[in-house]
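Asks: Supplied structure: query_1.txt, compact mmCIF, C-alpha atoms.
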# COMPACT_ATOMS: atom_id res chain seq x y z
CA MET A 25 39.99 -129.72 2.82
CA PRO A 26 43.05 -128.81 4.89
CA VAL A 27 46.02 -127.24 3.19
CA LEU A 28 48.46 -130.08 2.53
CA ALA A 29 51.35 -128.12 1.07
CA ILE A 30 52.47 -124.53 1.10
CA HIS A 31 54.34 -123.26 -1.91
CA ARG A 32 56.92 -120.88 -0.58
CA SER A 33 60.53 -120.37 -1.54
CA ARG A 34 63.15 -117.68 -1.75
CA LYS A 35 63.07 -118.44 -5.49
CA LEU A 36 59.54 -117.01 -5.59
CA ILE A 37 60.63 -113.57 -4.39
CA PRO A 38 59.64 -111.22 -7.21
CA PRO A 39 61.98 -108.49 -8.43
CA PHE A 40 61.59 -105.17 -6.65
CA ALA A 41 63.23 -101.78 -6.64
CA LEU A 42 65.23 -100.82 -3.58
CA LEU A 43 64.91 -97.47 -1.83
CA ARG A 44 67.26 -96.42 0.95
CA PRO A 45 66.07 -93.33 2.86
CA ARG A 46 68.16 -91.55 5.48
CA THR A 47 65.46 -90.01 7.65
CA PRO A 48 62.06 -91.12 8.96
CA ARG A 49 60.34 -88.33 7.05
CA GLU A 50 62.02 -89.35 3.80
CA ALA A 51 60.96 -92.94 4.40
CA ALA A 52 57.36 -91.93 5.07
CA ALA A 53 57.32 -89.79 1.92
CA MET A 54 58.63 -92.69 -0.18
CA GLN A 55 55.85 -94.90 1.10
CA ALA A 56 53.18 -92.25 0.56
CA ASP A 57 54.37 -91.72 -3.02
CA THR A 58 54.22 -95.33 -4.11
CA ALA A 59 51.49 -97.90 -4.11
CA GLY A 60 52.89 -101.31 -3.31
CA ALA A 61 55.84 -100.04 -1.27
CA ALA A 62 56.82 -101.80 1.93
CA PHE A 63 59.13 -100.88 4.76
CA MET A 64 61.91 -103.28 5.65
CA ALA A 65 63.83 -103.17 8.91
CA GLY A 66 65.06 -106.60 10.02
CA GLY A 67 63.12 -108.15 7.16
CA ILE A 68 61.96 -111.21 9.12
CA ASP A 69 58.30 -110.67 8.27
CA LEU A 70 58.72 -109.07 4.85
CA VAL A 71 61.06 -111.72 3.45
CA ASN A 72 58.67 -114.40 4.62
CA ARG A 73 55.77 -112.74 2.81
CA LEU A 74 57.85 -112.25 -0.34
CA LYS A 75 58.63 -115.97 -0.38
CA PHE A 76 54.93 -116.60 -0.86
CA GLY A 77 55.17 -114.43 -3.99
CA ASP A 78 53.63 -111.29 -2.50
CA ALA A 79 54.11 -108.50 -5.00
CA VAL A 80 55.98 -105.54 -3.53
CA ALA A 81 57.06 -103.03 -6.16
CA ARG A 82 59.46 -101.16 -3.92
CA VAL A 83 61.19 -102.11 -0.71
CA ILE A 84 62.07 -99.16 1.53
CA HIS A 85 65.07 -100.42 3.50
CA LEU A 86 65.42 -98.67 6.84
CA GLY A 87 68.99 -99.74 7.59
CA ALA A 88 70.41 -96.22 7.09
CA VAL A 89 67.63 -94.35 8.91
CA GLU A 90 69.03 -92.91 12.09
CA GLY A 91 67.31 -92.45 15.43
CA LEU A 92 65.21 -95.61 15.50
CA ASP A 93 67.26 -97.69 17.93
CA GLY A 94 67.16 -95.90 21.28
CA ILE A 95 65.79 -97.07 24.62
CA ASP A 96 65.26 -94.02 26.80
CA GLU A 97 63.69 -93.43 30.19
CA SER A 98 62.21 -90.18 31.43
CA ALA A 99 59.58 -89.12 33.95
CA ALA A 100 56.99 -89.68 31.23
CA GLY A 101 57.98 -93.32 30.82
CA LEU A 102 60.06 -95.54 28.58
CA THR A 103 60.50 -94.81 24.90
CA ILE A 104 61.66 -97.67 22.73
CA GLY A 105 62.79 -97.04 19.16
CA ALA A 106 60.96 -98.99 16.49
CA GLY A 107 64.30 -100.28 15.19
CA VAL A 108 65.28 -101.89 18.50
CA THR A 109 65.78 -105.60 18.02
CA HIS A 110 64.18 -108.26 20.16
CA ASP A 111 67.63 -109.12 21.50
CA ARG A 112 68.33 -105.55 22.53
CA LEU A 113 65.02 -105.36 24.32
CA GLN A 114 65.76 -108.58 26.16
CA THR A 115 69.27 -107.56 27.20
CA SER A 116 68.67 -103.85 27.86
CA PRO A 117 69.63 -102.98 31.46
CA VAL A 118 66.84 -100.40 31.56
CA ILE A 119 64.19 -102.89 30.46
CA ARG A 120 65.52 -105.60 32.76
CA ALA A 121 65.40 -103.22 35.72
CA ARG A 122 62.12 -101.50 34.96
CA LEU A 123 60.00 -104.10 33.18
CA PRO A 124 61.55 -107.46 34.06
CA ALA A 125 58.50 -109.40 32.86
CA LEU A 126 59.03 -107.94 29.39
CA ALA A 127 62.75 -108.80 29.34
CA GLU A 128 62.12 -112.30 30.66
CA THR A 129 59.38 -113.02 28.14
CA TRP A 130 61.48 -111.78 25.26
CA SER A 131 64.28 -114.23 26.01
CA THR A 132 61.95 -116.90 24.61
CA VAL A 133 60.55 -115.08 21.60
CA GLY A 134 61.59 -116.61 18.28
CA ASN A 135 65.14 -117.93 18.15
CA ILE A 136 68.44 -116.13 18.69
CA ARG A 137 68.86 -115.28 15.00
CA VAL A 138 65.34 -113.85 14.79
CA ARG A 139 65.89 -111.90 18.00
CA LEU A 140 69.16 -110.46 16.72
CA LYS A 141 67.71 -109.28 13.40
CA GLY A 142 64.00 -108.75 13.91
CA THR A 143 62.85 -105.37 15.17
CA LEU A 144 60.02 -104.50 17.52
CA GLY A 145 58.56 -102.09 15.00
CA GLY A 146 58.46 -104.66 12.25
CA ASN A 147 56.97 -107.26 14.56
CA LEU A 148 54.33 -104.86 15.76
CA MET A 149 53.32 -103.34 12.43
CA ALA A 150 52.94 -106.74 10.79
CA ARG A 151 49.79 -107.18 12.90
CA GLU A 152 50.23 -110.94 12.53
CA PRO A 153 48.11 -112.78 15.09
CA ALA A 154 50.98 -114.97 16.34
CA TYR A 155 53.55 -112.17 16.71
CA ASP A 156 54.28 -110.93 20.19
CA PHE A 157 55.21 -107.29 20.42
CA ALA A 158 51.81 -105.89 19.44
CA LEU A 159 50.43 -107.77 22.44
CA ALA A 160 53.03 -106.22 24.74
CA ALA A 161 52.39 -102.72 23.40
CA MET A 162 48.62 -103.08 23.58
CA ALA A 163 48.66 -104.52 27.10
CA ALA A 164 51.01 -101.78 28.30
CA GLY A 165 48.76 -99.06 26.94
CA ALA A 166 51.59 -97.87 24.73
CA GLU A 167 51.46 -94.86 22.46
CA LEU A 168 52.88 -95.33 18.97
CA ARG A 169 54.70 -92.48 17.27
CA PHE A 170 54.75 -92.21 13.50
CA ALA A 171 56.72 -89.96 11.18
CA THR A 172 54.57 -88.77 8.31
CA ALA A 173 55.37 -87.54 4.83
CA ASP A 174 54.61 -83.89 5.73
CA GLY A 175 57.09 -83.91 8.59
CA THR A 176 54.56 -84.02 11.40
CA GLU A 177 54.37 -86.69 14.07
CA ARG A 178 51.20 -88.73 14.55
CA ARG A 179 50.54 -90.47 17.86
CA ILE A 180 48.06 -93.29 18.22
CA ALA A 181 47.22 -95.79 20.92
CA ALA A 182 48.64 -99.26 20.31
CA ALA A 183 45.17 -100.68 20.95
CA SER A 184 43.94 -98.99 17.77
CA LEU A 185 46.41 -100.88 15.54
CA THR A 186 43.58 -103.28 14.79
CA ASP A 187 39.82 -102.92 14.66
CA ALA A 188 37.23 -104.65 16.84
CA ALA A 189 37.74 -107.91 14.97
CA GLY A 190 41.54 -107.76 14.94
CA ARG A 191 41.91 -106.54 11.34
CA PRO A 192 44.83 -104.13 10.68
CA GLU A 193 43.98 -100.44 10.59
CA PRO A 194 45.80 -98.28 8.00
CA GLN A 195 49.34 -97.19 8.88
CA PRO A 196 49.78 -93.39 9.13
CA GLY A 197 53.49 -93.33 8.17
CA LEU A 198 56.68 -94.83 9.54
CA LEU A 199 56.57 -96.09 13.12
CA THR A 200 59.52 -94.48 14.90
CA ALA A 201 58.95 -95.24 18.58
CA ILE A 202 56.82 -97.01 21.14
CA ALA A 203 56.18 -94.97 24.29
CA LEU A 204 55.31 -96.90 27.45
CA PRO A 205 53.90 -95.43 30.68
CA PRO A 206 56.23 -94.98 33.66
CA ALA A 207 57.35 -98.41 34.81
CA ASP A 208 56.38 -97.79 38.45
CA ARG A 209 52.75 -97.43 37.36
CA LEU A 210 52.68 -100.43 35.06
CA ARG A 211 52.64 -104.17 35.70
CA LEU A 212 52.88 -106.61 32.83
CA GLY A 213 52.19 -110.32 32.60
CA PHE A 214 52.48 -112.73 29.69
CA ASP A 215 51.37 -116.28 29.04
CA ARG A 216 52.69 -117.80 25.81
CA SER A 217 52.42 -121.40 26.99
CA LEU A 218 49.54 -122.29 24.66
CA ARG A 219 51.05 -120.93 21.47
CA PRO A 220 50.19 -121.39 18.64
CA ALA A 221 46.62 -121.78 19.90
CA LEU A 222 46.64 -118.71 22.13
CA SER A 223 48.81 -116.10 23.80
CA VAL A 224 47.75 -113.50 26.34
CA ALA A 225 49.37 -110.31 27.64
CA VAL A 226 47.99 -108.33 30.55
CA GLY A 227 48.84 -104.80 31.64
CA LEU A 228 47.71 -103.16 34.87
CA ASP A 229 47.76 -99.43 35.60
CA VAL A 230 48.83 -99.21 39.22
CA ASP A 231 48.25 -96.15 41.36
CA GLY A 232 49.75 -96.76 44.77
CA ALA A 233 47.77 -99.60 46.32
CA ARG A 234 45.03 -99.45 43.69
CA VAL A 235 44.56 -100.92 40.25
CA ALA A 236 43.20 -98.00 38.29
CA GLY A 237 42.64 -99.91 35.03
CA GLY A 238 44.17 -102.39 32.68
CA ARG A 239 44.13 -104.12 29.37
CA VAL A 240 44.44 -107.58 27.94
CA ALA A 241 45.84 -108.30 24.49
CA ILE A 242 45.10 -111.60 22.80
CA GLY A 243 47.18 -113.28 20.12
CA CYS A 244 46.80 -116.37 17.92
CA ALA A 245 43.00 -116.28 18.28
CA PHE A 246 41.73 -113.72 15.77
CA VAL A 247 42.86 -112.42 12.36
CA GLY A 248 45.24 -110.10 14.18
CA PRO A 249 46.19 -109.04 17.71
CA LEU A 250 43.19 -107.84 19.68
CA ALA A 251 43.13 -105.49 22.69
CA ARG A 252 40.39 -105.09 25.27
CA ALA A 253 40.12 -102.97 28.41
CA LEU A 254 39.73 -104.99 31.58
CA PRO A 255 36.11 -104.77 32.76
CA LEU A 256 36.67 -103.02 36.09
CA ASP A 257 33.61 -101.22 37.43
CA ALA A 258 35.81 -98.92 39.47
CA PRO A 259 39.42 -98.72 40.63
CA LEU A 260 40.18 -101.80 42.63
CA ALA A 261 42.26 -102.20 45.78
CA ALA A 262 45.29 -104.29 44.88
CA SER A 263 44.46 -106.60 47.77
CA ALA A 264 41.07 -107.36 46.16
CA LEU A 265 42.43 -108.19 42.72
CA ALA A 266 43.02 -111.89 43.30
CA ASP A 267 39.47 -112.44 44.50
CA ALA A 268 38.06 -110.42 41.61
CA ALA A 269 40.23 -112.11 38.97
CA GLY A 270 37.79 -114.90 38.11
CA GLY A 271 34.88 -112.53 37.52
CA ILE A 272 36.97 -110.10 35.47
CA ALA A 273 38.33 -112.89 33.29
CA HIS A 274 34.88 -114.44 32.80
CA ARG A 275 33.25 -111.19 31.74
CA LEU A 276 36.07 -110.30 29.38
CA ALA A 277 36.15 -113.70 27.69
CA ALA A 278 32.38 -113.80 27.31
CA ALA A 279 32.33 -110.43 25.55
CA LEU A 280 34.97 -111.31 22.93
CA PRO A 281 34.04 -111.80 19.28
CA GLU A 282 34.08 -115.38 18.03
CA PRO A 283 37.69 -116.65 18.07
CA ALA A 284 39.14 -118.63 15.18
CA SER A 285 38.55 -122.36 14.83
CA ASP A 286 41.42 -124.11 13.09
CA GLY A 287 43.81 -127.02 13.31
CA HIS A 288 45.34 -125.66 16.51
CA ALA A 289 42.18 -125.18 18.56
CA SER A 290 38.44 -124.64 18.44
CA ALA A 291 36.81 -121.27 19.06
CA ALA A 292 35.25 -122.58 22.27
CA TYR A 293 38.61 -123.80 23.57
CA ARG A 294 40.27 -120.49 22.81
CA ARG A 295 37.52 -118.50 24.53
CA ARG A 296 37.72 -120.76 27.58
CA MET A 297 41.51 -120.51 27.70
CA VAL A 298 41.43 -116.72 27.47
CA GLU A 299 39.43 -116.81 30.67
CA VAL A 300 41.77 -119.31 32.34
CA LEU A 301 45.04 -117.63 31.36
CA LEU A 302 43.76 -114.14 32.15
CA ARG A 303 42.55 -115.22 35.59
CA ARG A 304 45.92 -116.85 36.32
CA GLU A 305 47.88 -113.79 35.19
CA LEU A 306 45.72 -111.48 37.31
CA VAL A 307 46.32 -113.67 40.36
CA VAL A 308 50.07 -113.65 39.72
CA LEU A 309 50.10 -109.88 39.28
CA ALA A 310 48.01 -109.48 42.44
CA SER A 311 50.61 -111.41 44.41
CA GLN A 312 53.31 -109.07 43.12
CA LEU A 313 51.37 -105.99 44.20
CA ARG A 314 51.16 -106.99 47.85
CA MET B 11 65.75 -96.30 -6.74
CA SER B 12 67.90 -99.29 -7.56
CA THR B 13 67.28 -102.32 -9.74
CA SER B 14 70.81 -103.56 -9.07
CA VAL B 15 72.94 -102.74 -6.10
CA GLU B 16 76.68 -102.36 -5.63
CA ILE B 17 77.89 -103.75 -2.35
CA ALA B 18 81.29 -103.82 -0.68
CA LEU B 19 81.85 -106.42 1.99
CA THR B 20 84.44 -108.72 3.47
CA ILE B 21 83.92 -112.43 2.85
CA ASN B 22 86.07 -114.72 4.95
CA GLY B 23 88.63 -111.98 5.37
CA THR B 24 88.79 -110.94 1.71
CA PRO B 25 87.34 -107.57 0.64
CA ARG B 26 84.89 -107.97 -2.26
CA ARG B 27 82.81 -105.63 -4.42
CA LEU B 28 79.74 -107.20 -5.98
CA THR B 29 76.73 -106.15 -8.01
CA VAL B 30 73.57 -107.91 -6.89
CA ALA B 31 69.88 -107.84 -7.68
CA PRO B 32 67.85 -106.48 -4.75
CA ASN B 33 65.87 -109.71 -4.49
CA LEU B 34 68.96 -111.95 -4.37
CA VAL B 35 69.03 -113.87 -1.10
CA LEU B 36 72.40 -114.24 0.64
CA ALA B 37 72.20 -118.03 0.63
CA ASP B 38 71.95 -118.05 -3.16
CA LEU B 39 74.79 -115.57 -3.52
CA LEU B 40 77.00 -117.79 -1.38
CA ARG B 41 76.04 -121.12 -2.87
CA GLU B 42 75.44 -120.32 -6.52
CA ALA B 43 77.66 -117.32 -7.29
CA LEU B 44 80.55 -117.86 -4.88
CA GLY B 45 80.57 -121.63 -4.48
CA LEU B 46 80.44 -121.45 -0.69
CA THR B 47 78.18 -124.47 -0.32
CA GLY B 48 78.85 -124.97 3.37
CA CYS B 49 75.82 -122.71 3.76
CA LYS B 50 72.98 -125.27 3.55
CA ILE B 51 69.34 -124.63 2.75
CA GLY B 52 66.98 -126.51 5.03
CA CYS B 53 63.67 -124.98 5.99
CA ASP B 54 64.09 -121.73 4.00
CA GLN B 55 62.26 -119.85 6.77
CA ALA B 56 64.84 -118.89 9.43
CA VAL B 57 63.99 -121.78 11.71
CA CYS B 58 66.35 -124.74 11.19
CA GLY B 59 69.66 -122.87 11.25
CA ALA B 60 71.37 -124.87 8.48
CA CYS B 61 72.12 -121.67 6.56
CA THR B 62 73.63 -119.85 9.54
CA VAL B 63 76.56 -117.58 8.75
CA LEU B 64 78.24 -114.91 10.85
CA VAL B 65 77.60 -111.28 9.91
CA ASP B 66 79.76 -108.94 11.97
CA GLY B 67 80.11 -111.87 14.34
CA LEU B 68 76.38 -112.44 14.81
CA PRO B 69 74.56 -115.61 13.70
CA THR B 70 72.40 -114.80 10.70
CA THR B 71 70.10 -116.87 8.53
CA ALA B 72 71.36 -116.56 4.98
CA CYS B 73 68.02 -117.85 3.63
CA THR B 74 66.12 -114.80 4.89
CA THR B 75 68.75 -112.11 4.40
CA PHE B 76 69.10 -110.17 1.19
CA ALA B 77 72.59 -109.87 -0.25
CA PHE B 78 72.28 -106.07 -0.35
CA GLU B 79 72.01 -106.04 3.45
CA LEU B 80 75.67 -107.15 3.62
CA ASP B 81 76.96 -103.84 2.28
CA GLY B 82 79.73 -102.66 4.59
CA LYS B 83 79.69 -105.80 6.69
CA SER B 84 82.01 -108.68 7.42
CA LEU B 85 80.81 -112.18 6.59
CA VAL B 86 82.23 -115.47 7.79
CA THR B 87 81.07 -118.81 6.42
CA ILE B 88 82.19 -122.23 7.55
CA GLU B 89 84.80 -122.19 4.76
CA GLY B 90 86.46 -119.16 6.34
CA LEU B 91 86.40 -120.27 9.93
CA GLY B 92 89.74 -121.13 11.47
CA ASP B 93 91.78 -119.01 9.09
CA GLY B 94 92.77 -121.97 6.93
CA GLY B 95 93.24 -124.35 9.84
CA THR B 96 90.85 -126.08 12.19
CA HIS B 97 88.97 -123.76 14.53
CA PRO B 98 88.80 -124.91 18.18
CA VAL B 99 85.03 -125.39 17.87
CA GLN B 100 85.54 -127.56 14.78
CA ARG B 101 88.21 -129.50 16.70
CA ALA B 102 85.80 -130.05 19.59
CA PHE B 103 83.11 -131.32 17.20
CA LEU B 104 85.63 -133.75 15.69
CA ASP B 105 86.84 -134.92 19.08
CA HIS B 106 83.26 -135.58 20.29
CA THR B 107 81.92 -136.95 16.99
CA ALA B 108 79.31 -134.25 17.26
CA PHE B 109 77.83 -134.89 13.83
CA GLN B 110 76.35 -137.71 11.86
CA CYS B 111 75.14 -136.76 8.36
CA GLY B 112 76.81 -133.36 8.75
CA PHE B 113 74.06 -131.30 7.10
CA CYS B 114 73.46 -129.12 10.15
CA THR B 115 77.10 -129.00 11.21
CA PRO B 116 78.30 -125.80 9.48
CA GLY B 117 75.40 -123.80 10.88
CA MET B 118 75.73 -125.50 14.24
CA ILE B 119 79.46 -124.69 14.50
CA LEU B 120 79.00 -121.06 13.47
CA SER B 121 76.18 -120.69 16.01
CA VAL B 122 78.46 -122.11 18.69
CA VAL B 123 81.22 -119.67 17.76
CA ALA B 124 78.72 -116.82 18.25
CA LEU B 125 77.47 -118.38 21.49
CA LEU B 126 80.97 -118.57 22.97
CA ALA B 127 81.66 -114.98 21.94
CA ARG B 128 78.70 -113.86 24.05
CA HIS B 129 78.84 -116.52 26.77
CA PRO B 130 82.45 -117.78 27.07
CA ASP B 131 81.48 -120.29 29.77
CA PRO B 132 77.87 -121.24 29.08
CA ASP B 133 75.96 -123.64 31.31
CA GLU B 134 73.97 -126.45 29.72
CA ALA B 135 70.69 -124.52 29.86
CA THR B 136 72.26 -121.62 27.98
CA ILE B 137 73.73 -123.98 25.38
CA ARG B 138 70.40 -125.72 24.89
CA GLN B 139 68.49 -122.47 24.67
CA TRP B 140 70.92 -121.00 22.12
CA LEU B 141 71.09 -124.16 20.01
CA SER B 142 67.31 -124.53 19.98
CA ALA B 143 67.72 -122.40 16.87
CA ASN B 144 69.66 -125.18 15.10
CA VAL B 145 67.97 -128.43 14.16
CA CYS B 146 69.96 -131.67 13.91
CA ARG B 147 68.00 -134.16 11.80
CA CYS B 148 70.08 -137.00 13.20
CA THR B 149 69.20 -135.86 16.76
CA GLY B 150 72.80 -136.10 17.90
CA TYR B 151 72.35 -133.35 20.40
CA GLN B 152 74.15 -134.75 23.42
CA MET B 153 77.47 -135.03 21.62
CA ILE B 154 76.99 -131.51 20.31
CA ILE B 155 76.44 -130.17 23.82
CA ASP B 156 79.50 -132.09 25.03
CA ALA B 157 81.51 -130.51 22.21
CA VAL B 158 80.35 -127.03 23.12
CA ARG B 159 81.36 -127.54 26.75
CA ALA B 160 84.75 -128.84 25.62
CA ALA B 161 85.24 -125.90 23.26
CA ALA B 162 84.36 -123.49 26.06
CA LEU B 163 87.02 -125.07 28.27
CA THR B 164 89.64 -124.34 25.61
CA GLY B 165 88.64 -120.68 25.61
CA ALA B 166 87.49 -120.92 21.99
CA THR B 167 85.76 -117.89 20.50
When written as structure tokens, how does the structure in this file appear?

Replies:
Amino acid sequence: MPVLAIHRSRKLIPPFALLRPRTPREAAAMQADTAGAAFMAGGIDLVNRLKFGDAVARVIHLGAVEGLDGIDESAAGLTIGAGVTHDRLQTSPVIRARLPALAETWSTVGNIRVRLKGTLGGNLMAREPAYDFALAAMAAGAELRFATADGTERRIAAASLTDAAGRPEPQPGLLTAIALPPADRLRLGFDRSLRPALSVAVGLDVDGARVAGGRVAIGCAFVGPLARALPLDAPLAASALADAAGGIAHRLAAALPEPASDGHASAAYRRRMVEVLLRRELVVLASQLR
Amino acid sequence: MSTSVEIALTINGTPRRLTVAPNLVLADLLREALGLTGCKIGCDQAVCGACTVLVDGLPTTACTTFAFELDGKSLVTIEGLGDGGTHPVQRAFLDHTAFQCGFCTPGMILSVVALLARHPDPDEATIRQWLSANVCRCTGYQMIIDAVRAAALTGAT
């Protein structure tokens, strides 16, 4: 029986205690100390969950935590603060110059109010299947930096945010930054045209005229965002990528776990469209590498 | 840890100090405690834009913003726009009959004010893209777009 009505309202938001840390470490310690505590940055995701009556005993509001909103470039790559909003990502001169595909895609994410308030960190850590930034981070091969309660920094690959089925892995603290590889060695492509049935992000590691590796991240198709390495047998000449795209996409799609079947699309359709969208994106990226 | 929160903010130009529960949503503060009912509740999920208000000049959904988040900020609702008179964007909406039932109009007008602050001379694509965040149930979009263009020509912000 399909769900005919969803009971959600701001009137269902349960009472909670409010915590307002000043530093990432303090925030991480507050979360470690308390079962049922949740971080809140822009609040887009959290407020939505609270409206369904989700019980959160304490909300750790990150509005006063400094150092989460930078976008910095160095020889090691781009570092984006977890508190950067979607709008800032989209309008950042550095992002527009270095990763134009990312800036262009983000001009269509959500609506202007969501983009102005929602943060990349919140979007990513929600691990919701239809959210976008986890896909971008996974496809880019990003490294996520977390502040922990003991003051140390933990670094994990974005691909390990979810397990092999797309389920969220535990969070090691407060996400403070997303580190991307140098832009001259990274090519990104996105296809969100089939949302809410499917979205696909592709990242290629480029080494001169060769494609050394790559990843695809898939949204809207599993319980959470899912990352897979592109099945390349060996580094590939950029000029050979377009011809190889069909085979790469077919092998990757065939090896995926069973996608969801729901009111938006069947599992078979989603698997087939992963192959189609991935092949198209690889061909587009190949044309840009020539 | 706080079970009630003191906030200081400016509402339509007037400094206010309020004590709010952490789980109080801005839309309820405005409508039920302050009587500012120009903030409408439509979808209650940040999509339709009927509850749009300006926070530090930026369009914000009051239905998904907690009141405590307004601490230290400046809030403008439709009641405070125009400083007691008719704002140029309101005048353009009147001149172009850019409303029918009027439910979406406060949020629509405040969104347009924010749009013109960022893009003083927006083309139609920019207007459409920006206003895709505001739903008009009467589907009177063309007159709305005409009104935005007219407001831009007056230099309204």

Asks: Could you list, with a cut-off of 8 Å and counting all atoms listed in the file, the residues of chain B near chain A, each shown with its nearest atom pair and the distance in Å rounded to one decimal, rows sorted by chain and ascending number, as CSV?

Replies:
residue,atom,partner,partner_atom,distance
B:Met11,CA,A:Leu43,CA,5.1
B:Ser12,CA,A:Leu42,CA,5.0
B:Thr13,CA,A:Ala41,CA,5.1
B:Ala31,CA,A:Pro39,CA,8.0
B:Pro32,CA,A:Leu42,CA,6.3
B:Asn33,CA,A:Pro39,CA,5.7
B:Val35,CA,A:Arg34,CA,7.0
B:Asp54,CA,A:Ser33,CA,6.7
B:Gln55,CA,A:Asn72,CA,6.9
B:Ala56,CA,A:Val138,CA,7.4
B:Val57,CA,A:Asn135,CA,7.6
B:Leu68,CA,A:Leu140,CA,7.7
B:Pro69,CA,A:Arg137,CA,5.9
B:Thr70,CA,A:Arg137,CA,5.6
B:Thr71,CA,A:Arg137,CA,6.8
B:Cys73,CA,A:Arg34,CA,7.3
B:Thr74,CA,A:Val71,CA,6.1
B:Thr75,CA,A:Gly67,CA,7.4
B:Trp140,CA,A:Ile136,CA,6.5
B:Ser142,CA,A:Asn135,CA,7.2
B:Ala143,CA,A:Asn135,CA,5.3

Asks: From the set A:Ser311, A:Ser285, A:Leu218, A:Val240, which residue has the shortest atom-to-atom contact distance to Ala264 in chain A, counting all atoms listed in the file?

Replies: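 Nearest to Ala264 in chain A: A:Ser311.
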
Asks: Considering only C-alpha atoms, state which residue in the set B:Cys114, B:Glu134, B:Val122, B:His106 is at the smallest distance from Ala157 in chain B.

Replies: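 Of B:Cys114, B:Glu134, B:Val122, B:His106, the one nearest Ala157 in chain B, counting only C-alpha atoms, is B:His106.
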
Asks: Go ahead and compute the interatomic distance for CA of Glu97 in chain A and CA of Met149 in chain A, in Å to one decimal.

Replies: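 Atom-to-atom, CA of Glu97 in chain A to CA of Met149 in chain A, that is 22.8 Å.
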
Asks: Would you compute the distance between CA of Gly270 in chain A and CA of Leu306 in chain A? Give it in Å to one decimal.

Replies: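 According to the coordinates, CA of Gly270 in chain A and CA of Leu306 in chain A are separated by 8.7 Å.
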
Asks: Go ahead and compute the interatomic distance for CA of Ala100 in chain A and CA of Ala181 in chain A, in Å to one decimal.

Replies: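 Between these atoms lies a distance of 15.5 Å.
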
Asks: Which one of B:Cys148, B:Leu40, B:Leu64, B:Leu80 sits closest to Ala127 in chain B if you count only C-alpha atoms?

Replies: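 Between B:Cys148, B:Leu40, B:Leu64, B:Leu80, the residue approaching Ala127 in chain B most closely is B:Leu64.
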
Asks: Near Ala284 in chain A, counting only C-alpha atoms, which residues have an atom at most 7 Å away, once you skip same-chain residues fewer than 3 positions from it, shown as a PyMOL selection string?

Replies: chain A and resi 245-246+290-291

Asks: Skipping near chain neighbours, those fewer than 5 positions away, what residues fall within 12 Å of Leu280 in chain A using all atoms listed in the file, listed as a list in words?

Replies: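 Near Leu280 in chain A, the qualifying residues are Ala188, Ala189, Gly190, Val240, Ala241, Ile242, Ala245, Phe246, Leu250, Ala251, Arg252, Ala253, Leu254, Pro255, Ala273, His274, Arg275, Ala291, Ala292, Arg294, Arg295, Arg296, Val298 and Glu299 of chain A.
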
Asks: Set the distance at 10 Å and use all atoms listed in the file: which residues neighbour Gln312 in chain A once local chain neighbours fewer than 5 positions away are removed? I'd like the list as a VMD selection string.

Replies: chain A and resid 211 262 306 to 307

Asks: Around the point (67.6, -130.4, 6.3), in the coordinates given by the file, pick out the residues reaching within 12 Å, counting all atoms listed in the file, and return them as a short mmCIF file (atom, residue, chain, number, x, y, z; two decimals) with C-alpha atoms, in the coordinates of the input.

Replies:
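Here's the written file out.cif:
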data_model
loop_
_atom_site.label_atom_id
_atom_site.label_comp_id
_atom_site.auth_asym_id
_atom_site.auth_seq_id
_atom_site.Cartn_x
_atom_site.Cartn_y
_atom_site.Cartn_z
CA CYS B 49 75.82 -122.71 3.76
CA LYS B 50 72.98 -125.27 3.55
CA ILE B 51 69.34 -124.63 2.75
CA GLY B 52 66.98 -126.51 5.03
CA CYS B 53 63.67 -124.98 5.99
CA ASP B 54 64.09 -121.73 4.00
CA GLN B 55 62.26 -119.85 6.77
CA VAL B 57 63.99 -121.78 11.71
CA CYS B 58 66.35 -124.74 11.19
CA GLY B 59 69.66 -122.87 11.25
CA ALA B 60 71.37 -124.87 8.48
CA CYS B 61 72.12 -121.67 6.56
CA CYS B 111 75.14 -136.76 8.36
CA GLY B 112 76.81 -133.36 8.75
CA PHE B 113 74.06 -131.30 7.10
CA CYS B 114 73.46 -129.12 10.15
CA THR B 115 77.10 -129.00 11.21
CA GLY B 117 75.40 -123.80 10.88
CA ASN B 144 69.66 -125.18 15.10
CA VAL B 145 67.97 -128.43 14.16
CA CYS B 146 69.96 -131.67 13.91
CA ARG B 147 68.00 -134.16 11.80
CA CYS B 148 70.08 -137.00 13.20
CA THR B 149 69.20 -135.86 16.76
#

Asks: Enumerate, as a VMD selection string, the protein, DNA and RNA residues whose atoms approach (53.7, -95.9, 7.7) to within 12 Å, taking into account only C-alpha atoms and the coordinate frame of the file.

Replies: chain A and resid 48 to 58 61 to 64 84 106 145 to 146 149 to 150 168 to 173 177 to 179 185 193 to 200

Asks: I'd like the neighbourhood of range 219-222 of chain A as a PyMOL selection string, where a residue qualifies if any of its atoms comes within 6 Å (using only C-alpha atoms), though same-chain residues fewer than 2 positions away should be ignored.

Replies: chain A and resi 216-217+243-245+288-289

Asks: Which neighbours of Thr186 in chain A fall inside 8 Å, counting all atoms listed in the file, when residues of the same chain fewer than 5 positions from it are skipped, and could you give them as a CSV table (one decimal) with C-alpha atoms, keeping the file's coordinate frame?

Replies:
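New file part_4.csv:
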chain,number,residue,atom,x,y,z
A,151,ARG,CA,49.8,-107.2,12.9
A,191,ARG,CA,41.9,-106.5,11.3
A,192,PRO,CA,44.8,-104.1,10.7
A,193,GLU,CA,44.0,-100.4,10.6
A,248,GLY,CA,45.2,-110.1,14.2
A,249,PRO,CA,46.2,-109.0,17.7
A,250,LEU,CA,43.2,-107.8,19.7
